[in-house]
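The structure appears below as structure tokens.
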Amino acid sequence: MKLDNLTGLYNHGIFQTLLEEEIKRAQRYGEPFSLALIDIDSFAAYNKQHSPTTGDQALIQAKLKGKNRICCLDEEQEDYTAENSKVLIVDDEPKNVKLLDAILRPFKYHVFKAYNGEDALSVIKSVDIDLVLLDVMMPVMDGFEVCRRIKQNEATRLIPIIMLTALDDTPSRIEGIDAGVYDFITKPPNRIELTARIKSLLRFNEMNKKLTHVESVIITMANAIEAKDAYTQGHIERVAGLCVELGKRMGLSQAQLDALWLSGILHDIGKIAVPTSI
């Protein structure tokens, strides 16, 4: 998953990979390489005053509210705590699992552990996991395949995944991004960096859950409207399906196809105000 679910822009993982690729290319050809970091909205000052974690929370809220507007951080939402969130650690080395467990323990997360890919998928199937810390090099099923299976399942595809790896080559990172990894952290992990990323992604996951719940309510409402008219049974699913097929023929992105599907589901929402007798 190269794109951010909310904005449709390339995510942090692809930025890291492309940055490393450009640095290596500059070194190979002996050319200078420059990276400009432009603080166009004084966000660095906000992070310095309120902490990077709070800054991430403010950024997520701004994403949810949409573009071309000024957003203020909701203080009630700012107090959100990730305590009791369910985090799954997947690594075939017990010492690595023990280290990560020790890092997470002060935050009162519910920590689940798996020592191979199959066990990890089994845990995710039975527990509503909020975030996965995933190793790459494991026997039987590597981290890339575990990630692909999580993202191919509609019920689990939005779970954020951080890949902890000793691999630093560009092809491995690109494979991880294509599989659906949101971020990479090199082993051994920096405690501060790891905990900040985890807290930010748990917050992001909570927002996604709220959006998914709202979508479910809307779809239920659309189905209730359709149920008023026996002659149109199955109509909204057919329209939504046709919209998606047309979108695929047009080469639209997955985010655009998802929007088309939801629009198709909602196209008759105006019937809610039409009396049953009519």
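Letters for chains follow the order of the structure tokens (A, B, ...), residue numbers begin at 1 for each chain, and ligand numbers begin at 1 in the order shown.
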Practice problem: From the DSSP assignment of the backbone, select every residue of stretch 81-170 of chain A that is strand (DSSP E or B), and format the answer as a count of residues only. | Solution: 20
Self-check item: A:Leu19, A:Val87, A:Ala196, A:Ile150 ranked by distance to A:Arg105, top pick (using only C-alpha atoms)
Solution: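 Of the candidates, the smallest distance to A:Arg105 is held by A:Val87.
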Practice problem: Grab the atom CA of A:Asp92 to atom CA of A:Asp128 distance for me, in Å with one decimal place. | Solution: 21.8 Å
Quiz item: For A:Pro189, which residue among A:Ile236, A:Met250, A:Leu133, A:Leu88 is the nearest when counting only C-alpha atoms?
Solution: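 Closest to A:Pro189 of all the choices is A:Leu133.
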Self-check item: Counting only C-alpha atoms, the option among A:Cys72, A:Ile162, A:Val181, A:Leu131 closest to A:Arg148
Solution: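 Comparing A:Cys72, A:Ile162, A:Val181, A:Leu131 against A:Arg148, the winner is A:Val181.
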Quiz item: Hey, which of A:Pro160, A:Ile103, A:Leu35, A:Glu154 ends up closest to A:Ile192? Count only C-alpha atoms.
Solution: A:Ile103
Exercise. Tell me, as a ChimeraX atom specification, which residues lie within 10 Å of A:Cys243, counting only C-alpha atoms; anything in the same chain fewer than 4 positions away does not count.
Key: /A:237-239,247-248,257-265
Practice problem: Could you tell me how far atom CA of A:Ile159 lies from atom CA of A:Arg173, in Å and to one decimal? | Solution: 18.7 Å
Self-check item: Contact residues around A:Val136 with only C-alpha atoms at 9 Å, ignoring same-chain residues under 3 positions, as a PyMOL selection string
Solution: chain A and resi 91+142-144+163-167+176
Same residues, all heavy atoms, output as a tab-separated table (two decimals), in the first residue's frame:
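Output below, filename out_9.tsv:
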chain	number	residue	atom	x	y	z
A	91	ASP	N	7.64	-12.19	15.27
A	91	ASP	CA	9.08	-12.38	15.06
A	91	ASP	C	9.43	-13.80	15.47
A	91	ASP	O	8.96	-14.28	16.52
A	91	ASP	CB	9.88	-11.37	15.88
A	91	ASP	CG	11.31	-11.21	15.38
A	91	ASP	OD1	12.01	-12.24	15.22
A	91	ASP	OD2	11.74	-10.07	15.17
A	142	ASP	N	7.30	-15.59	5.07
A	142	ASP	CA	8.02	-14.38	5.46
A	142	ASP	C	7.05	-13.22	5.71
A	142	ASP	O	5.84	-13.33	5.47
A	142	ASP	CB	9.07	-13.99	4.41
A	142	ASP	CG	8.46	-13.65	3.05
A	142	ASP	OD1	7.28	-13.28	2.99
A	142	ASP	OD2	9.19	-13.76	2.04
A	143	GLY	N	7.60	-12.12	6.19
A	143	GLY	CA	6.77	-10.97	6.56
A	143	GLY	C	6.03	-10.37	5.39
A	143	GLY	O	4.90	-9.86	5.54
A	144	PHE	N	6.63	-10.40	4.19
A	144	PHE	CA	5.96	-9.85	3.01
A	144	PHE	C	4.66	-10.59	2.72
A	144	PHE	O	3.63	-9.98	2.43
A	144	PHE	CB	6.88	-9.95	1.78
A	144	PHE	CG	8.18	-9.20	1.93
A	144	PHE	CD1	9.38	-9.82	1.66
A	144	PHE	CD2	8.19	-7.87	2.33
A	144	PHE	CE1	10.58	-9.13	1.79
A	144	PHE	CE2	9.38	-7.17	2.46
A	144	PHE	CZ	10.58	-7.81	2.19
A	163	MET	N	7.04	-2.63	9.63
A	163	MET	CA	7.96	-3.73	9.38
A	163	MET	C	9.30	-3.43	10.06
A	163	MET	O	9.93	-2.41	9.79
A	163	MET	CB	8.15	-3.94	7.88
A	163	MET	CG	8.92	-5.18	7.53
A	163	MET	SD	8.66	-5.70	5.81
A	163	MET	CE	7.18	-6.71	5.98
A	164	LEU	N	9.70	-4.32	10.96
A	164	LEU	CA	10.98	-4.20	11.65
A	164	LEU	C	11.97	-5.12	10.94
A	164	LEU	O	11.75	-6.34	10.90
A	164	LEU	CB	10.84	-4.60	13.12
A	164	LEU	CG	9.90	-3.70	13.94
A	164	LEU	CD1	9.50	-4.39	15.21
A	164	LEU	CD2	10.59	-2.39	14.24
A	165	THR	N	13.01	-4.56	10.38
A	165	THR	CA	13.87	-5.37	9.54
A	165	THR	C	15.32	-4.92	9.58
A	165	THR	O	15.61	-3.75	9.82
A	165	THR	CB	13.38	-5.32	8.08
A	165	THR	OG1	14.28	-6.03	7.24
A	165	THR	CG2	13.29	-3.88	7.59
A	166	ALA	N	16.21	-5.87	9.35
A	166	ALA	CA	17.64	-5.56	9.22
A	166	ALA	C	17.98	-5.31	7.76
A	166	ALA	O	19.09	-4.89	7.44
A	166	ALA	CB	18.48	-6.71	9.76
A	167	LEU	N	17.02	-5.57	6.85
A	167	LEU	CA	17.24	-5.35	5.42
A	167	LEU	C	17.15	-3.86	5.12
A	167	LEU	O	16.18	-3.20	5.48
A	167	LEU	CB	16.18	-6.09	4.60
A	167	LEU	CG	16.11	-7.61	4.79
A	167	LEU	CD1	14.95	-8.17	3.99
A	167	LEU	CD2	17.41	-8.27	4.36
A	176	GLY	N	8.06	-4.53	0.37
A	176	GLY	CA	7.24	-4.31	1.56
A	176	GLY	C	6.14	-3.31	1.32
A	176	GLY	O	4.99	-3.49	1.74
Exercise. Apply DSSP to the structure's backbone, then extract all residues of stretch 33-180 of chain A labelled helix (DSSP H, G or I) and return them as a PyMOL selection string.
Key: chain A and resi 43-50+52-65+75-78+94-107+117-126+143-152+170-179
